[in-house]
Each structure stands twice: as structure tokens, then as C-alpha cells.
Amino acid sequence: MASSASDQVAFITGAAQGIGYATAQRFLSAGYQVVIADINQDKGTTAQQVLGTDCLFVELDVTSESSWQTAIHKAIEAFGHINVLVNCAGISEPGSIEDCSLELFKKVQDINVDSVFLGCKYGIKAIKNTSGGSIVNIGSTLGIKPMSIHTPYGASKAAVNNITKTAALHCAENQYNIRVNAVHPGAVRTPMYDYYLDLAEDRQAAEESFAQVHPMGRIAEPEDIANAVFFLSSKEAGFITGVALPVDGGFTA
Ligand SMILES: NC(=O)c1ccc[n+]([C@@H]2O[C@H](COP(=O)([O-])OP(=O)(O)OC[C@H]3O[C@@H](n4cnc5c(N)ncnc54)[C@H](O)[C@@H]3O)[C@@H](O)[C@H]2O)c1
């Protein structure tokens with residue numbers, strides 16, 4: 001688990017854009033080979049072309065067990081092994097307890113929770129065969145500090161936190177040398193954030209309000225999250241497992 005080594009491989013879901021893409025860039029800059037795993041073929045292929053030869057796009061639907069098996073197989077076939085797995089793919093749809101349909105609730109759990117369950121399951125299986133490594137799951141501050149309009153999303157991200165801890169304990173108790181941690185971002189400037197600005201009546205007022213709820217007076221850039229993910233995966237974090245790390249400018253303080 002070196003912080004810079006050409007034989008290190010990071011497998012990152014949802015890396016065709018947003019936080020996952022910035023995380024791919026962060027690992028590439030440290031000399032890792034990177035697998036961009038995403039359901040969006042067009043953006044994934046473009047990302048691979050832009051990011052270069054140490055980067056491979058594999059199509060992955062994080063809700064499908066067979067898709068996980070195929071994607072991990074392709075990654076190992078290409079790069080030999082996986083040391084780091086980042087579960088970043090996710091969706092966010094607003095909905096209060098009164099207006100959220102069961103269908104929407106289940107959809108959000110499918111993509112945000114099943115993904116992390118399967119990613120940890122198959123990530124552990126792959127990393128167990130190496131000298132060790134790390135898994136980082138992307139949650140959200142809304143899984144720690146609930147908001148009434150985020151019933152499905154908040155529930156899904158609270159589950160991400162708990163799966164992270166049970167997986168971390170399982171790996172530690174079995175002496176696997178695999179650490180499992182979660183990063184919980186506040187608002188981050190990505191297409192997902194843009195989606196919420198598009199829903200707002202007054203886009204500029206919404207931007208100001210997002211910035212103001214973070215005590216540091218701004219939202220995160222994708223690189224803020226990528227740096228935290230990289231730190232948790234590095235040897236400098238070698239005795240850190242099972243943590244829920246908010247990267248939120250003090251929002252949950
Ligand atoms: N942007 C924010 O403000 C924010 C805040 C807190 C947490 N997060 C979390 O960070 C993660 C990344 O968010 P983002 O802002 O980069 O989002 P984004 O919408 O910009 O990117 C999400 C990526 O996930 C992929 N994806 C969606 N469903 C998938 C599926 N079934 N299989 C594989 N890939 C799939 C998309 O194609 C896309 O490339 C998410 O888990 C999100 O919940 C984001």
C-alpha cells in the first residue's frame with residue numbers, strides 16, 4: 001500500500017465524472033494504474049482517452065452482481081491485481097417521508113447501498129490475494145446529519161457508513177490487511193450538485209445558500225474529496241480503519 005508505486009492499482013466506481021473522476025486523477029498522479037468503472041460508456045471511454053494509458057475503462061452497473069464479477073475480472077486481467085477499491089458511484093434524488101414513493105426509495109438504496117455491499121464483497125475477495133490494500137466508500141454528510149428532504153438519500157448513506165464499519169471489523173478480525181473507511185462529503189461541485197442548482201428557482205441564491213451552510217463558507221471541489229480518499233488509501237493511514245471522515249468544511253462539526 002505505497003503512496004506512490006507503479007504496481008499499485010486503484011479500481012474506482014462512478015469515475016466517468018465528478019468525484020470519481022477527480023479521484024482517478026489523484027491516484028494517477030501518484031503513479032497508480034487506475035480502473036474507471038462506470039455505467040456511462042460514453043463518458044467512461046472519453047475519460048480513459050483523456051487520462052491516458054495507465055487508465056482503463058470498464059463498464060460496470062454497480063447494482064448487478066454479475067457486472068461486478070465481470071468488471072473485476074477485466075481489471076485483474078489488464079493490470080494483474082487490485083490494491084485499492086473506491087466505491088464512489090451513486091445518485092441523489094430529493095424526497096421527504098411524505099412525498100417519496102417506495103419505488104424511488106428502493107431505487108436510491110439499490111444504487112447507493114447495493115453498490116457498496118457488492119463493492120466491498122468483491123473488493124475484499126480481490127484484495128485478499130495481494131499483500132494488502134484499502135477500500136474507501138463515499139457516503140455523505142446527509143447520512144450523518146439528516147435533512148427532511150433527503151429521506152431516501154440519507155438512509156442510503158447511513159447504510160454506507162454501517163457497511164463500512166462491519167467490513168472494516170471483518171477484515172481486521174480476519175487479519176486480511178485490508179482497511180475499509182468512508183469519506184462523507186458535504187456539497188461538492190460536480191454534475192450531481194448542478195442537478196440541485198437546476199431544480200432551484202433561483203440558481204444564484206441556491207449557490208450562496210449551499211456555500212453558507214458550510215461553516216468554511218464554500219462548498220467542496222472534487223479534489224478536496226479525492227485528496228481525502230487518497231490519504232485513507234495511503235500507507236500514512238496504515239492504522240486507520242472503520243472511520244467515517246467528513247470532508248465538509250465543518251458542516252457536521
Ligand atoms: N456532489 C455532491 O455534492 C456529493 C455530496 C456528498 C456525497 N456525494 C457522493 O459522491 C459520489 C459521487 O458523486 P458525484 O457528485 O461525483 O456524482 P455524479 O453524478 O457527478 O457522478 C456519479 C457517477 O456515478 C455513475 N453511476 C451512477 N449510477 C451507476 C451505476 N448503477 N453503476 C455504475 N456507475 C453509476 C454515473 O454514471 C456517474 O459517472 C456519490 O456517491 C454521491 O452520493 C456527492
# chains A, B, ... in the order shown; residues from 1 in each chain; ligands from 1

call {"tool": "residues_near_ligand", "arguments": {"ligand": "ligand 1", "cutoff": "7 Å", "atoms": "only C-alpha atoms and all ligand atoms", "output": "short mmCIF file (atom, residue, chain, number, x, y, z; two decimals) with N, CA and C atoms, in the first residue's frame"}}
result
data_model
loop_
_atom_site.label_atom_id
_atom_site.label_comp_id
_atom_site.auth_asym_id
_atom_site.auth_seq_id
_atom_site.Cartn_x
_atom_site.Cartn_y
_atom_site.Cartn_z
N THR A 13 -15.28 3.23 -8.82
CA THR A 13 -16.60 3.24 -9.45
C THR A 13 -17.10 4.67 -9.60
N GLY A 14 -17.96 4.88 -10.59
CA GLY A 14 -18.51 6.22 -10.82
C GLY A 14 -17.45 7.21 -11.22
N ALA A 15 -16.38 6.73 -11.88
CA ALA A 15 -15.23 7.59 -12.16
C ALA A 15 -15.29 8.26 -13.53
N ALA A 16 -16.42 8.12 -14.23
CA ALA A 16 -16.53 8.78 -15.54
C ALA A 16 -16.66 10.30 -15.39
N GLN A 17 -17.06 10.74 -14.21
CA GLN A 17 -17.21 12.20 -13.98
C GLN A 17 -17.15 12.48 -12.47
N GLY A 18 -17.18 13.77 -12.14
CA GLY A 18 -17.36 14.18 -10.74
C GLY A 18 -16.24 13.75 -9.80
N ILE A 19 -16.64 13.35 -8.59
CA ILE A 19 -15.68 13.00 -7.54
C ILE A 19 -14.83 11.79 -7.96
N GLY A 20 -15.48 10.81 -8.60
CA GLY A 20 -14.75 9.62 -9.02
C GLY A 20 -13.66 9.96 -10.03
N ALA A 37 -14.56 2.51 -13.50
CA ALA A 37 -15.68 1.59 -13.64
C ALA A 37 -16.97 2.40 -13.55
N ASP A 38 -17.76 2.37 -14.62
CA ASP A 38 -18.94 3.24 -14.65
C ASP A 38 -19.97 2.66 -15.60
N ILE A 39 -21.22 3.04 -15.36
CA ILE A 39 -22.31 2.58 -16.24
C ILE A 39 -22.38 3.42 -17.52
N ASN A 40 -21.77 4.61 -17.47
CA ASN A 40 -21.83 5.54 -18.61
C ASN A 40 -20.66 5.27 -19.56
N LEU A 60 -19.51 -0.97 -15.80
CA LEU A 60 -19.99 -1.60 -14.57
C LEU A 60 -21.33 -1.00 -14.18
N ASP A 61 -22.29 -1.87 -13.93
CA ASP A 61 -23.53 -1.45 -13.26
C ASP A 61 -23.39 -1.90 -11.82
N VAL A 62 -23.20 -0.95 -10.91
CA VAL A 62 -22.89 -1.29 -9.51
C VAL A 62 -24.00 -2.04 -8.79
N THR A 63 -25.20 -2.10 -9.40
CA THR A 63 -26.30 -2.82 -8.75
C THR A 63 -26.33 -4.30 -9.13
N CYS A 88 -17.59 4.89 -5.34
CA CYS A 88 -17.99 6.30 -5.46
C CYS A 88 -19.31 6.46 -6.22
N ALA A 89 -19.66 5.51 -7.08
CA ALA A 89 -20.89 5.65 -7.89
C ALA A 89 -22.09 5.87 -6.98
N GLY A 90 -22.96 6.76 -7.37
CA GLY A 90 -24.15 6.99 -6.56
C GLY A 90 -25.08 7.96 -7.26
N ILE A 91 -26.31 8.03 -6.74
CA ILE A 91 -27.27 9.01 -7.25
C ILE A 91 -27.89 9.73 -6.05
N SER A 92 -28.45 10.90 -6.32
CA SER A 92 -29.16 11.64 -5.27
C SER A 92 -30.46 12.17 -5.85
N ILE A 111 -28.90 1.65 -5.85
CA ILE A 111 -27.67 2.20 -6.46
C ILE A 111 -26.66 2.59 -5.37
N ASN A 112 -27.11 3.16 -4.28
CA ASN A 112 -26.15 3.68 -3.29
C ASN A 112 -25.73 2.64 -2.25
N ILE A 138 -17.74 6.16 -0.50
CA ILE A 138 -18.18 7.55 -0.45
C ILE A 138 -19.60 7.60 0.09
N GLY A 139 -19.73 8.19 1.25
CA GLY A 139 -21.05 8.39 1.86
C GLY A 139 -21.51 9.81 1.59
N SER A 140 -22.04 10.45 2.62
CA SER A 140 -22.45 11.86 2.53
C SER A 140 -22.70 12.36 3.94
N THR A 141 -22.50 13.65 4.14
CA THR A 141 -22.84 14.24 5.44
C THR A 141 -24.32 14.02 5.75
N HIS A 184 -17.21 11.22 3.95
CA HIS A 184 -18.55 11.80 3.87
C HIS A 184 -18.46 13.26 3.42
N PRO A 185 -18.65 13.50 2.13
CA PRO A 185 -18.55 14.88 1.64
C PRO A 185 -19.77 15.72 2.00
N GLY A 186 -19.53 17.03 2.16
CA GLY A 186 -20.62 17.99 2.11
C GLY A 186 -20.92 18.22 0.63
N ALA A 187 -21.51 19.35 0.28
CA ALA A 187 -21.79 19.62 -1.13
C ALA A 187 -20.48 19.75 -1.91
N VAL A 188 -20.46 19.17 -3.10
CA VAL A 188 -19.25 19.15 -3.94
C VAL A 188 -19.63 19.60 -5.35
N ARG A 189 -18.77 20.43 -5.95
CA ARG A 189 -19.06 20.97 -7.28
C ARG A 189 -18.89 19.89 -8.36
N THR A 190 -19.97 19.18 -8.66
CA THR A 190 -19.97 18.11 -9.68
C THR A 190 -21.30 18.18 -10.44
N PRO A 191 -21.48 17.33 -11.45
CA PRO A 191 -22.79 17.29 -12.11
C PRO A 191 -23.94 17.00 -11.14
N MET A 192 -23.70 16.24 -10.08
CA MET A 192 -24.77 15.98 -9.10
C MET A 192 -25.20 17.28 -8.41
N TYR A 193 -24.24 18.12 -8.08
CA TYR A 193 -24.53 19.42 -7.46
C TYR A 193 -25.28 20.32 -8.46
#

call {"tool": "residues_around", "arguments": {"residues": "A:Trp68", "least_positions_apart": "6", "cutoff": "12 Å", "atoms": "only C-alpha atoms", "output": "PyMOL selection string"}}
result
chain A and resi 11+13+37-39+58-62+74-75+87+114-123+125-126

call {"tool": "select_by_dssp", "arguments": {"residues": "stretch 12-219 of chain A", "states": "strand (DSSP E)", "output": "VMD selection string"}}
result
chain A and resid 12 to 13 33 to 38 55 to 59 84 to 87 133 to 138 178 to 185

call {"tool": "select_by_dssp", "arguments": {"residues": "stretch 39-233 of chain A", "states": "alpha helix (DSSP H)", "output": "PyMOL selection string"}}
result
chain A and resi 41-51+65-79+102-109+115-127+151-173+191-199+203-213+222-233

call {"tool": "atom_distance", "arguments": {"atom1": "atom CA of A:Asn161", "atom2": "atom CA of A:Ile240"}}
result
14.9 Å

call {"tool": "residues_around", "arguments": {"residues": "stretch 201-215 of chain A", "least_positions_apart": "4", "cutoff": "9 Å", "atoms": "only C-alpha atoms", "output": "count of residues only"}}
result
12

call {"tool": "residues_around", "arguments": {"residues": "A:Gly238", "least_positions_apart": "3", "cutoff": "12 Å", "atoms": "only C-alpha atoms", "output": "list of chain:residue names"}}
result
A:Met1, A:Ala2, A:Ser3, A:Gly132, A:Gly133, A:Ser134, A:Asn177, A:Ile178, A:Arg179, A:Val180, A:Asn181, A:Phe231, A:Leu232, A:Ser233, A:Ser234, A:Lys235, A:Thr241, A:Gly242

call {"tool": "write_last_selection", "arguments": {"atoms": "C-alpha atoms", "output": "JSON list (two decimals), in the first residue's frame"}}
result
[["chain", "number", "residue", "atom", "x", "y", "z"],
["A", 1, "MET", "CA", 0.00, 0.00, 0.00],
["A", 2, "ALA", "CA", 2.60, 2.55, -1.04],
["A", 3, "SER", "CA", 1.57, 6.14, -1.72],
["A", 132, "GLY", "CA", -2.92, -5.80, 1.30],
["A", 133, "GLY", "CA", -4.84, -2.70, 0.45],
["A", 134, "SER", "CA", -7.75, -0.48, 1.18],
["A", 177, "ASN", "CA", -4.53, -6.33, 5.93],
["A", 178, "ILE", "CA", -7.40, -4.55, 4.19],
["A", 179, "ARG", "CA", -8.57, -1.28, 5.72],
["A", 180, "VAL", "CA", -12.08, -0.04, 4.99],
["A", 181, "ASN", "CA", -13.07, 3.58, 5.56],
["A", 231, "PHE", "CA", -4.89, 9.77, 2.18],
["A", 232, "LEU", "CA", -7.10, 6.99, 3.59],
["A", 233, "SER", "CA", -5.69, 4.60, 0.98],
["A", 234, "SER", "CA", -2.06, 5.53, 1.64],
["A", 235, "LYS", "CA", 0.44, 3.93, 3.99],
["A", 241, "THR", "CA", -9.87, 1.56, 9.62],
["A", 242, "GLY", "CA", -13.63, 1.80, 10.12]]

call {"tool": "closest_residue", "arguments": {"among": "A:Ile97, A:Asn137, A:Met147, A:His170", "to": "A:Leu85", "atoms": "only C-alpha atoms"}}
result
A:Asn137

call {"tool": "atom_distance", "arguments": {"atom1": "atom CA of A:Asp194", "atom2": "atom CA of A:Arg26"}}
result
22.4 Å

call {"tool": "decode", "arguments": {"residues": "stretch 56-179 of chain A", "atoms": "C-alpha atoms", "output": "PDB file, in the first residue's frame"}}
result
ATOM      1  CA  LEU A  56      -8.670   1.512 -18.256  1.00  0.00           C
ATOM      2  CA  PHE A  57     -12.426   1.986 -18.603  1.00  0.00           C
ATOM      3  CA  VAL A  58     -14.605  -0.982 -17.729  1.00  0.00           C
ATOM      4  CA  GLU A  59     -18.373  -0.909 -17.947  1.00  0.00           C
ATOM      5  CA  LEU A  60     -19.993  -1.605 -14.568  1.00  0.00           C
ATOM      6  CA  ASP A  61     -23.530  -1.445 -13.263  1.00  0.00           C
ATOM      7  CA  VAL A  62     -22.885  -1.291  -9.515  1.00  0.00           C
ATOM      8  CA  THR A  63     -26.304  -2.816  -8.751  1.00  0.00           C
ATOM      9  CA  SER A  64     -25.536  -6.057 -10.602  1.00  0.00           C
ATOM     10  CA  GLU A  65     -23.508  -8.872  -9.048  1.00  0.00           C
ATOM     11  CA  SER A  66     -22.589 -10.391 -12.416  1.00  0.00           C
ATOM     12  CA  SER A  67     -21.477  -6.968 -13.662  1.00  0.00           C
ATOM     13  CA  TRP A  68     -19.164  -6.650 -10.640  1.00  0.00           C
ATOM     14  CA  GLN A  69     -17.682 -10.109 -11.289  1.00  0.00           C
ATOM     15  CA  THR A  70     -17.012  -9.260 -14.949  1.00  0.00           C
ATOM     16  CA  ALA A  71     -15.557  -5.797 -14.226  1.00  0.00           C
ATOM     17  CA  ILE A  72     -13.200  -7.046 -11.506  1.00  0.00           C
ATOM     18  CA  HIS A  73     -12.117  -9.914 -13.764  1.00  0.00           C
ATOM     19  CA  LYS A  74     -11.334  -7.458 -16.598  1.00  0.00           C
ATOM     20  CA  ALA A  75      -9.373  -5.194 -14.245  1.00  0.00           C
ATOM     21  CA  ILE A  76      -7.239  -8.071 -12.941  1.00  0.00           C
ATOM     22  CA  GLU A  77      -6.742  -9.386 -16.467  1.00  0.00           C
ATOM     23  CA  ALA A  78      -5.445  -5.950 -17.539  1.00  0.00           C
ATOM     24  CA  PHE A  79      -3.364  -4.905 -14.512  1.00  0.00           C
ATOM     25  CA  GLY A  80      -2.726  -8.159 -12.590  1.00  0.00           C
ATOM     26  CA  HIS A  81      -4.331  -7.193  -9.281  1.00  0.00           C
ATOM     27  CA  ILE A  82      -6.287  -4.536  -7.366  1.00  0.00           C
ATOM     28  CA  ASN A  83      -4.930  -2.793  -4.244  1.00  0.00           C
ATOM     29  CA  VAL A  84      -7.480  -0.034  -3.738  1.00  0.00           C
ATOM     30  CA  LEU A  85     -11.212  -0.023  -4.401  1.00  0.00           C
ATOM     31  CA  VAL A  86     -13.205   3.202  -4.173  1.00  0.00           C
ATOM     32  CA  ASN A  87     -16.998   2.887  -4.114  1.00  0.00           C
ATOM     33  CA  CYS A  88     -17.990   6.300  -5.465  1.00  0.00           C
ATOM     34  CA  ALA A  89     -20.887   5.652  -7.889  1.00  0.00           C
ATOM     35  CA  GLY A  90     -24.155   6.989  -6.559  1.00  0.00           C
ATOM     36  CA  ILE A  91     -27.270   9.008  -7.249  1.00  0.00           C
ATOM     37  CA  SER A  92     -29.155  11.638  -5.273  1.00  0.00           C
ATOM     38  CA  GLU A  93     -32.891  12.302  -5.609  1.00  0.00           C
ATOM     39  CA  PRO A  94     -34.768  14.501  -3.127  1.00  0.00           C
ATOM     40  CA  GLY A  95     -37.847  13.196  -1.323  1.00  0.00           C
ATOM     41  CA  SER A  96     -39.453  13.682   2.096  1.00  0.00           C
ATOM     42  CA  ILE A  97     -41.043  10.853   4.065  1.00  0.00           C
ATOM     43  CA  GLU A  98     -44.458  12.014   2.760  1.00  0.00           C
ATOM     44  CA  ASP A  99     -43.695  12.585  -0.900  1.00  0.00           C
ATOM     45  CA  CYS A 100     -41.056   9.935  -1.671  1.00  0.00           C
ATOM     46  CA  SER A 101     -42.514   6.895  -3.458  1.00  0.00           C
ATOM     47  CA  LEU A 102     -41.459   3.400  -2.444  1.00  0.00           C
ATOM     48  CA  GLU A 103     -40.162   2.972  -5.989  1.00  0.00           C
ATOM     49  CA  LEU A 104     -37.811   5.952  -5.664  1.00  0.00           C
ATOM     50  CA  PHE A 105     -36.758   4.904  -2.158  1.00  0.00           C
ATOM     51  CA  LYS A 106     -35.791   1.451  -3.424  1.00  0.00           C
ATOM     52  CA  LYS A 107     -34.013   2.824  -6.497  1.00  0.00           C
ATOM     53  CA  VAL A 108     -31.756   5.024  -4.363  1.00  0.00           C
ATOM     54  CA  GLN A 109     -30.974   2.126  -1.988  1.00  0.00           C
ATOM     55  CA  ASP A 110     -30.233  -0.150  -4.978  1.00  0.00           C
ATOM     56  CA  ILE A 111     -27.671   2.197  -6.456  1.00  0.00           C
ATOM     57  CA  ASN A 112     -26.152   3.676  -3.289  1.00  0.00           C
ATOM     58  CA  VAL A 113     -26.267   0.680  -0.933  1.00  0.00           C
ATOM     59  CA  ASP A 114     -26.162  -2.470  -3.070  1.00  0.00           C
ATOM     60  CA  SER A 115     -23.167  -0.895  -4.826  1.00  0.00           C
ATOM     61  CA  VAL A 116     -21.198  -0.570  -1.608  1.00  0.00           C
ATOM     62  CA  PHE A 117     -22.240  -4.024  -0.367  1.00  0.00           C
ATOM     63  CA  LEU A 118     -21.133  -5.648  -3.646  1.00  0.00           C
ATOM     64  CA  GLY A 119     -18.077  -3.410  -3.988  1.00  0.00           C
ATOM     65  CA  CYS A 120     -16.830  -4.350  -0.517  1.00  0.00           C
ATOM     66  CA  LYS A 121     -17.652  -8.031  -1.061  1.00  0.00           C
ATOM     67  CA  TYR A 122     -15.811  -8.329  -4.383  1.00  0.00           C
ATOM     68  CA  GLY A 123     -13.158  -5.782  -3.399  1.00  0.00           C
ATOM     69  CA  ILE A 124     -12.191  -7.823  -0.338  1.00  0.00           C
ATOM     70  CA  LYS A 125     -12.146 -11.000  -2.429  1.00  0.00           C
ATOM     71  CA  ALA A 126      -9.732  -9.392  -4.940  1.00  0.00           C
ATOM     72  CA  ILE A 127      -7.502  -7.507  -2.484  1.00  0.00           C
ATOM     73  CA  LYS A 128      -7.142 -10.560  -0.198  1.00  0.00           C
ATOM     74  CA  ASN A 129      -4.953 -12.088  -2.933  1.00  0.00           C
ATOM     75  CA  THR A 130      -2.424  -9.223  -2.731  1.00  0.00           C
ATOM     76  CA  SER A 131      -0.105  -8.014   0.018  1.00  0.00           C
ATOM     77  CA  GLY A 132      -2.921  -5.796   1.302  1.00  0.00           C
ATOM     78  CA  GLY A 133      -4.842  -2.703   0.447  1.00  0.00           C
ATOM     79  CA  SER A 134      -7.748  -0.480   1.175  1.00  0.00           C
ATOM     80  CA  ILE A 135     -11.387   0.212   0.364  1.00  0.00           C
ATOM     81  CA  VAL A 136     -12.903   3.691   0.600  1.00  0.00           C
ATOM     82  CA  ASN A 137     -16.665   4.184   0.407  1.00  0.00           C
ATOM     83  CA  ILE A 138     -18.177   7.549  -0.451  1.00  0.00           C
ATOM     84  CA  GLY A 139     -21.052   8.394   1.859  1.00  0.00           C
ATOM     85  CA  SER A 140     -22.452  11.856   2.534  1.00  0.00           C
ATOM     86  CA  THR A 141     -22.838  14.238   5.442  1.00  0.00           C
ATOM     87  CA  LEU A 142     -26.596  13.664   4.907  1.00  0.00           C
ATOM     88  CA  GLY A 143     -26.111  10.140   6.270  1.00  0.00           C
ATOM     89  CA  ILE A 144     -24.779  11.676   9.497  1.00  0.00           C
ATOM     90  CA  LYS A 145     -26.780  14.902   9.746  1.00  0.00           C
ATOM     91  CA  PRO A 146     -30.239  14.267   8.256  1.00  0.00           C
ATOM     92  CA  MET A 147     -32.307  16.763   6.248  1.00  0.00           C
ATOM     93  CA  SER A 148     -36.079  16.310   5.858  1.00  0.00           C
ATOM     94  CA  ILE A 149     -35.983  16.416   2.046  1.00  0.00           C
ATOM     95  CA  HIS A 150     -33.426  13.598   1.872  1.00  0.00           C
ATOM     96  CA  THR A 151     -35.246  10.516   3.171  1.00  0.00           C
ATOM     97  CA  PRO A 152     -34.027   8.025   0.525  1.00  0.00           C
ATOM     98  CA  TYR A 153     -30.559   9.507   0.089  1.00  0.00           C
ATOM     99  CA  GLY A 154     -29.908   9.991   3.824  1.00  0.00           C
ATOM    100  CA  ALA A 155     -30.973   6.414   4.578  1.00  0.00           C
ATOM    101  CA  SER A 156     -28.705   5.076   1.839  1.00  0.00           C
ATOM    102  CA  LYS A 157     -25.674   6.997   3.070  1.00  0.00           C
ATOM    103  CA  ALA A 158     -26.256   5.993   6.718  1.00  0.00           C
ATOM    104  CA  ALA A 159     -26.194   2.403   5.449  1.00  0.00           C
ATOM    105  CA  VAL A 160     -22.910   3.074   3.633  1.00  0.00           C
ATOM    106  CA  ASN A 161     -21.429   4.116   6.967  1.00  0.00           C
ATOM    107  CA  ASN A 162     -22.542   0.942   8.721  1.00  0.00           C
ATOM    108  CA  ILE A 163     -21.411  -1.396   5.918  1.00  0.00           C
ATOM    109  CA  THR A 164     -18.027   0.351   6.022  1.00  0.00           C
ATOM    110  CA  LYS A 165     -17.654  -0.429   9.717  1.00  0.00           C
ATOM    111  CA  THR A 166     -18.791  -4.059   9.533  1.00  0.00           C
ATOM    112  CA  ALA A 167     -16.461  -4.656   6.571  1.00  0.00           C
ATOM    113  CA  ALA A 168     -13.565  -2.952   8.403  1.00  0.00           C
ATOM    114  CA  LEU A 169     -14.117  -5.090  11.508  1.00  0.00           C
ATOM    115  CA  HIS A 170     -14.430  -8.260   9.424  1.00  0.00           C
ATOM    116  CA  CYS A 171     -11.131  -7.587   7.637  1.00  0.00           C
ATOM    117  CA  ALA A 172      -9.326  -6.678  10.876  1.00  0.00           C
ATOM    118  CA  GLU A 173     -10.643  -9.719  12.759  1.00  0.00           C
ATOM    119  CA  ASN A 174      -9.553 -11.978   9.906  1.00  0.00           C
ATOM    120  CA  GLN A 175      -6.116 -10.317   9.670  1.00  0.00           C
ATOM    121  CA  TYR A 176      -6.663  -9.501   5.992  1.00  0.00           C
ATOM    122  CA  ASN A 177      -4.533  -6.332   5.931  1.00  0.00           C
ATOM    123  CA  ILE A 178      -7.397  -4.552   4.193  1.00  0.00           C
ATOM    124  CA  ARG A 179      -8.567  -1.282   5.723  1.00  0.00           C
TER     125      ARG A 179
END
